[in-house]
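Encoded as structure tokens, the structure appears first; notes follow it.
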Amino acid sequence: MMLLTSPQEAYRRVDFDARVSGAGPAELVHLCYEHLVSALGTAVHADRRGDNCLKSRSMTRALTAITALQMGLAGGEGIAGALSQLYEAARRTVLDSALQFDSERISVLREDFVEIGRALKGG
């Protein structure tokens, strides 16, 4: 399986797995945000290069991060309810771009999560 991936992808997976294994709940949320931001950025870059395979893999990674964030929510009221709506809107944006890629919408979504991630970290 590792032979089918690039060295960069293999390193990214090992790094991500190591960070996840030692992370607490707040750190896991930050990791999911980082993973999502990275995947969306890679998808936009891949689209510019015309690399549909990388774009598809990146969009799948983005959906995985969104799903993990959704699964981590407890309840549907207050902040959890607002986050649930945010994550569902993000999921729809990513899925809509699977049919017709919209680089601008994906870039805006990426920036939204960059800002939220910064706010969560307190800086």
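Note on naming: chains are A, B, ... as they come in the structure tokens, residues start from 1 per chain, ligands start from 1 in the order shown.
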**Asn52 (chain A) surroundings by only C-alpha atoms, 10 Å radius, close-in-sequence under 6 positions cut, as a PyMOL selection string** = chain A and resi 43+46+58
**Those of chain A in DSSP alpha helix (DSSP H), formatted as JSON, numbers by chain** = {"A": [7, 8, 9, 10, 11, 12, 13, 14, 15, 16, 17, 18, 19, 20, 21, 25, 26, 27, 28, 29, 30, 31, 32, 33, 34, 35, 36, 37, 38, 39, 40, 41, 42, 43, 44, 45, 46, 47, 48, 49, 52, 53, 54, 55, 56, 57, 58, 59, 60, 61, 62, 63, 64, 65, 66, 67, 68, 69, 70, 71, 78, 79, 80, 81, 82, 83, 84, 85, 86, 87, 88, 89, 90, 91, 92, 93, 94, 95, 96, 97, 98, 99, 103, 104, 105, 106, 107, 108, 109, 110, 111, 112, 113, 114, 115, 116, 117, 118, 119, 120, 121]}
**Message:** Which residues are near Cys53 (chain A)? Cut-off 12 Å, only C-alpha atoms, ignore same chain within fewer than 6 positions. Put them as a list in words.
**Reply:** Thr42, Ala43, His45, Ala46, Asp47, Met59, Thr60 and Ala98 of chain A
**Prompt:** Hey, which of A:Tyr87, A:Gly24, A:Arg49, A:Gly117 ends up closest to Leu69 (chain A)? Count only C-alpha atoms.
**Reply:**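 Looking only at the distances to Leu69 (chain A), the closest residue turns out to be A:Tyr87.
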**Request:** Have a look at CA of Ala68 (chain A) and CA of Glu104 (chain A) and let me know their distance in Å, one decimal.
**Result:**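 Computing the Euclidean distance for CA of Ala68 (chain A) and CA of Glu104 (chain A) yields 24.2 Å.
You will find CA of Leu109 (chain A) at 11.0 Å from CA of Arg92 (chain A).
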**Item:** Selection near Ala90 (chain A), 10 Å with only C-alpha atoms, sequence-local residues under 3 positions removed, as an NGL selection string
**Value:** :A and (62-63 or 66 or 84-87 or 93-96 or 106 or 109-110 or 112-113)
Output file for the residues above (C-alpha atoms, as a CSV table (one decimal), in the first residue's frame):
```
chain,number,residue,atom,x,y,z
A,62,ALA,CA,-11.3,17.5,3.3
A,63,LEU,CA,-14.5,15.4,3.7
A,66,ILE,CA,-15.3,17.5,8.2
A,84,SER,CA,-23.0,21.6,13.2
A,85,GLN,CA,-24.5,24.1,10.7
A,86,LEU,CA,-21.0,25.3,9.8
A,87,TYR,CA,-19.7,21.8,9.2
A,93,THR,CA,-19.5,23.2,-0.5
A,94,VAL,CA,-17.0,20.4,-0.8
A,95,LEU,CA,-19.5,18.0,-2.3
A,96,ASP,CA,-20.8,20.6,-4.8
A,106,ILE,CA,-13.1,26.3,-1.9
A,109,LEU,CA,-14.0,28.0,2.8
A,110,ARG,CA,-10.3,27.4,3.5
A,112,ASP,CA,-12.9,30.7,6.9
A,113,PHE,CA,-11.4,27.6,8.6
```
**Prompt:** CA of Val44 (chain A) to CA of Val29 (chain A): how many Å, to one decimal?
**Reply:** 22.8 Å
Contacts of Thr67 (chain A) at 10 Å or less, counting only C-alpha atoms, minus same-chain residues fewer than 6 places along, as a short mmCIF file (atom, residue, chain, number, x, y, z; two decimals) with C-alpha atoms, in the first residue's frame?
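Written output follows (around32.cif):
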```
data_model
loop_
_atom_site.label_atom_id
_atom_site.label_comp_id
_atom_site.auth_asym_id
_atom_site.auth_seq_id
_atom_site.Cartn_x
_atom_site.Cartn_y
_atom_site.Cartn_z
CA CYS A 32 -8.86 18.29 12.06
CA ARG A 61 -9.31 14.27 2.78
CA TYR A 87 -19.70 21.81 9.20
CA GLU A 88 -22.75 20.79 7.18
CA ARG A 91 -19.62 19.50 3.55
#
```
